[in-house]
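Worksheet: the structure to be examined is printed underneath.
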Amino acid sequence: MRALVVRLDSFGDVLLTGPAVRAVAAHASHVTMVCGPRGEPAARLLPDVDDVIVWEAPWEGVTPPTVDDADIEGMVRRLRAGAYDTALVLTSFHQSPLPTALLLRMAGVRRIGADSVDHPGTLLDVRHTRLPDRHEAEAALDTAAALGFTPRAGDDGRLRVVPTPDTAALTGNGPYVVVHPGASAPARSWSPDRYAHAAHLLADDGHRVVVTGGPDETDLTRHVSGAVGVDLGGRTDPRRLAGVLRAADAVVCGNTGPAHLAAAVATPVVSLFAPVVPANRWAPYGVPCVLLGDQFAPCADTRARHCPVPGHPCLDEVTAQDVVSAVRKLLKESV
């Protein structure tokens, strides 16, 4: 059986599909992941993914393409050529799977399942209803099970990635704490100065500090690392970043993709979590975690990309000492 798993969102969203992908792979001879450009690096890190199709849909993303630019007819032809038997469409709780399901029907996919609030007509063969407040990783696994894809015996349902490289040449030898100050949306960002202060206090507390970030975050990582940290800004692709996170004692970061990547390599997380999305659905999954930030702030559940509240109080009331205390707590629990 040739199966599709579709998740058209960002890096962290695709990582959260990992347990569901493994469940599909337990019953299929070939699994293809369909994702957008932002999710592609995560899809290539997931175990049991045989092939990745990258497509930018006009109904997903921050700046989606027009219908004409998306070349829907071309995508239908590509999917039809794959002769897929079944498809699992995964979406967040506020998204509809039906545009994707229509595309798959046009491509001749015979059996399609998804979580859908809206009546699907003939677009879905299995219409699942997610349980209230279910974590995104669990909700995806539930939807897979509704379509008949149950996990392999012994699969614990946690996030995983393919084996990671040895990154000691980047980080140096010895224990360290990773600080990742960037975020996919400004509303989820703690201030750079507070991150820099936290890095200094962590160093004063006896930790080696490694600061990570993407190619467009090198000014930020340089500022945060200062004279006390190892600055890896722009020096880690996703697989190397996974290796850096795997070897860390703990990771300090916001509600962003690297938090889920840390969870996928079983590293504890201090999560500076802006409540623009609910923590019970999006917090680091399956690892020890300390959640910092006011989860009842006025911005809660707004899904805002830019903070709608002056002063960004949900996060900027968190202090650098709070972060140090949270790291201490996680390391004490891991002993």
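Identifiers for the structure tokens are assigned positionally: chains receive A, B, ... in sequence, residues are indexed from 1 per chain, and ligands are indexed from 1 in the order shown.
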
*Near segment 89-106 of chain A, counting only C-alpha atoms, which residues have an atom at most 7 Å away, once you skip same-chain residues fewer than 6 positions from it, shown as a list in words?*
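Skipping anything fewer than 6 positions along the chain leaves Val5, Val6, Arg7, Val76, Gly113, Ala114, Ser116, Pro120, Leu123, Leu124 and Ala140 of chain A.
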
Resulting file, chosen residues, C-alpha atoms, as a PDB file, in the first residue's frame:
ATOM      1  CA  VAL A   5       0.782  11.896   4.938  1.00  0.00           C
ATOM      2  CA  VAL A   6       0.014  15.570   4.382  1.00  0.00           C
ATOM      3  CA  ARG A   7       1.005  18.404   6.733  1.00  0.00           C
ATOM      4  CA  VAL A  76      -2.740  16.928  -9.131  1.00  0.00           C
ATOM      5  CA  GLY A 113      -8.973  10.464   6.379  1.00  0.00           C
ATOM      6  CA  ALA A 114      -8.722  13.664   8.423  1.00  0.00           C
ATOM      7  CA  SER A 116     -12.773  17.767  10.258  1.00  0.00           C
ATOM      8  CA  PRO A 120     -16.898  16.816   4.260  1.00  0.00           C
ATOM      9  CA  LEU A 123     -14.166  14.319   0.274  1.00  0.00           C
ATOM     10  CA  LEU A 124     -13.361  12.143   3.294  1.00  0.00           C
ATOM     11  CA  ALA A 140      -2.385  13.387  14.787  1.00  0.00           C
TER      12      ALA A 140
END

_Near-Val49 of chain A list (10 Å; only C-alpha atoms; drop same-chain fewer than 4 positions) as a PyMOL selection string_ = chain A and resi 4-5+18+21-22+24-25+30-33+43-45

Skip segment 129-131 of chain A itself and residues of its chain fewer than 2 positions away, then list as a short mmCIF file (atom, residue, chain, number, x, y, z; two decimals) with C-alpha atoms, in the first residue's frame all residues within 8 Å of it, counting only C-alpha atoms.
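Output file part.cif follows:
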data_model
loop_
_atom_site.label_atom_id
_atom_site.label_comp_id
_atom_site.auth_asym_id
_atom_site.auth_seq_id
_atom_site.Cartn_x
_atom_site.Cartn_y
_atom_site.Cartn_z
CA ASP A 115 -9.97 15.50 11.48
CA SER A 116 -12.77 17.77 10.26
CA VAL A 117 -15.25 20.04 11.99
CA ARG A 127 -14.00 11.93 9.31
CA ASP A 133 -7.44 19.93 24.39
CA ARG A 134 -5.51 17.04 22.86
CA ALA A 139 -4.34 14.37 17.92
CA ASP A 142 -5.55 9.61 16.99
CA THR A 143 -6.49 10.58 13.43
#

Going by DSSP on the backbone, which residues of segment 143-210 of chain A come out as strand (DSSP E or B)? List them as a PDB file with C-alpha atoms, in the first residue's frame.
ATOM      1  CA  VAL A 177      23.030  24.318  27.907  1.00  0.00           C
ATOM      2  CA  VAL A 178      21.648  25.523  24.582  1.00  0.00           C
ATOM      3  CA  VAL A 179      20.008  28.942  24.338  1.00  0.00           C
ATOM      4  CA  HIS A 180      18.012  29.433  21.130  1.00  0.00           C
ATOM      5  CA  VAL A 209      26.357  28.080  27.065  1.00  0.00           C
ATOM      6  CA  VAL A 210      25.883  27.311  23.360  1.00  0.00           C
TER       7      VAL A 210
END

*Measuring atom to atom with only C-alpha atoms, identify which of A:Leu330, A:Ala304, A:Ala297, A:Leu220 is nearest to Ser271 of chain A.*
A:Leu330

*asked:* Using DSSP assignments from the backbone, pull out every residue in segment 217-311 of chain A that falls under helix (DSSP H, G or I) and give it to me as a ChimeraX atom specification.
replied: /A:217-225,238-246,257-264,279-282

Using only C-alpha atoms, I'd like a table of the residues in segment 45-68 of chain A that come within 9 Å of segment 154-162 of chain A; for each, show the closest atom pair and its distance in Å rounded to one decimal, ordered by chain and ascending number, as JSON lines.
{"residue": "A:Leu45", "atom": "CA", "partner": "A:Val161", "partner_atom": "CA", "distance": 5.2}
{"residue": "A:Leu46", "atom": "CA", "partner": "A:Val161", "partner_atom": "CA", "distance": 4.9}
{"residue": "A:Pro47", "atom": "CA", "partner": "A:Val162", "partner_atom": "CA", "distance": 5.4}
{"residue": "A:Asp48", "atom": "CA", "partner": "A:Val162", "partner_atom": "CA", "distance": 9.0}

Restrict the selected residues to N, CA and C atoms and save them as a PDB file, in the first residue's frame.
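result-v1.pdb written:
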ATOM      1  N   LEU A  45      13.783  14.774   8.317  1.00  0.00           N
ATOM      2  CA  LEU A  45      14.340  14.249   9.562  1.00  0.00           C
ATOM      3  C   LEU A  45      13.507  13.120  10.158  1.00  0.00           C
ATOM      4  N   LEU A  46      12.299  12.903   9.640  1.00  0.00           N
ATOM      5  CA  LEU A  46      11.396  11.940  10.268  1.00  0.00           C
ATOM      6  C   LEU A  46      11.726  10.509   9.843  1.00  0.00           C
ATOM      7  N   PRO A  47      11.814   9.586  10.803  1.00  0.00           N
ATOM      8  CA  PRO A  47      11.973   8.178  10.442  1.00  0.00           C
ATOM      9  C   PRO A  47      10.758   7.679   9.645  1.00  0.00           C
ATOM     10  N   ASP A  48      11.003   6.728   8.770  1.00  0.00           N
ATOM     11  CA  ASP A  48       9.968   6.025   8.008  1.00  0.00           C
ATOM     12  C   ASP A  48       9.352   6.848   6.881  1.00  0.00           C
TER      13      ASP A  48
END

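Within the 8 Å cut-off around segment 251-254 of chain A, using only C-alpha atoms and omitting residues fewer than 6 positions from it on the same chain, the listed residues are Val177, Val178, Val179, His180, Pro181, Gly182, Ala183, Arg188, Ser189, Trp190, Leu245, Ala262, Thr267, Pro268, Val269, Val270, Ser271, Leu272, Phe273, Ala274 and Val323 of chain A.
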
Residues near Leu79 of chain A, anyone? I mean within 9 Å using only C-alpha atoms, not counting same-chain ones fewer than 3 positions away, as an mmCIF file with C-alpha atoms, in the first residue's frame.
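Dumped everything to result-v9.cif:
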data_model
loop_
_atom_site.group_PDB
_atom_site.id
_atom_site.type_symbol
_atom_site.label_atom_id
_atom_site.label_comp_id
_atom_site.auth_asym_id
_atom_site.auth_seq_id
_atom_site.Cartn_x
_atom_site.Cartn_y
_atom_site.Cartn_z
ATOM 1 C CA GLY A 74 0.501 20.324 -11.844
ATOM 2 C CA MET A 75 0.275 19.083 -8.280
ATOM 3 C CA VAL A 76 -2.740 16.928 -9.131
ATOM 4 C CA GLY A 82 2.262 8.394 -7.599
ATOM 5 C CA ALA A 83 -0.791 6.103 -7.595
ATOM 6 C CA TYR A 84 -1.383 6.489 -3.876
ATOM 7 C CA LEU A 104 -6.321 14.368 -3.301
ATOM 8 C CA ALA A 107 -5.587 13.026 -7.968
ATOM 9 C CA GLY A 108 -7.428 9.716 -7.597
ATOM 10 C CA VAL A 109 -6.464 8.859 -4.017
#

*From A:Arg38, A:Arg303, A:Lys332, A:Arg78, residue lying nearest Gly257 of chain A [only C-alpha atoms]*: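 Selected residue with least distance to Gly257 of chain A: A:Arg38.
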
*One-decimal distance in Å that lies between atom CA of His260 of chain A and atom CA of Gly286 of chain A*: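 Distance between the two atoms: 9.7 Å.
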
*Mind checking which residues fall within 10 Å of Gly206 of chain A, counting only C-alpha atoms, ignoring those fewer than 4 positions away in the same chain, and posting them as a ChimeraX atom specification?*
/A:176,201-202

Next, dump the selected residues to file, keeping only N, CA and C atoms, as an mmCIF file, in the first residue's frame.
data_model
loop_
_atom_site.group_PDB
_atom_site.id
_atom_site.type_symbol
_atom_site.label_atom_id
_atom_site.label_comp_id
_atom_site.auth_asym_id
_atom_site.auth_seq_id
_atom_site.Cartn_x
_atom_site.Cartn_y
_atom_site.Cartn_z
ATOM 1 N N TYR A 176 26.787 21.209 28.350
ATOM 2 C CA TYR A 176 26.396 22.583 28.015
ATOM 3 C C TYR A 176 24.885 22.706 28.000
ATOM 4 N N LEU A 201 23.914 34.732 33.224
ATOM 5 C CA LEU A 201 23.621 34.120 34.514
ATOM 6 C C LEU A 201 23.828 32.608 34.479
ATOM 7 N N LEU A 202 23.508 31.979 33.355
ATOM 8 C CA LEU A 202 23.765 30.544 33.229
ATOM 9 C C LEU A 202 25.269 30.258 33.303
#

*For Glu217 of chain A: contacts at 9 Å, only C-alpha atoms, fewer than 4 positions along chain excluded, given as an MDAnalysis selection string*: chainID A and resid 181:182 212:213 221:222 233:234

*In Å, how far is it from atom CA of Ala137 of chain A to atom CA of Ala20 of chain A?*
7.7 Å
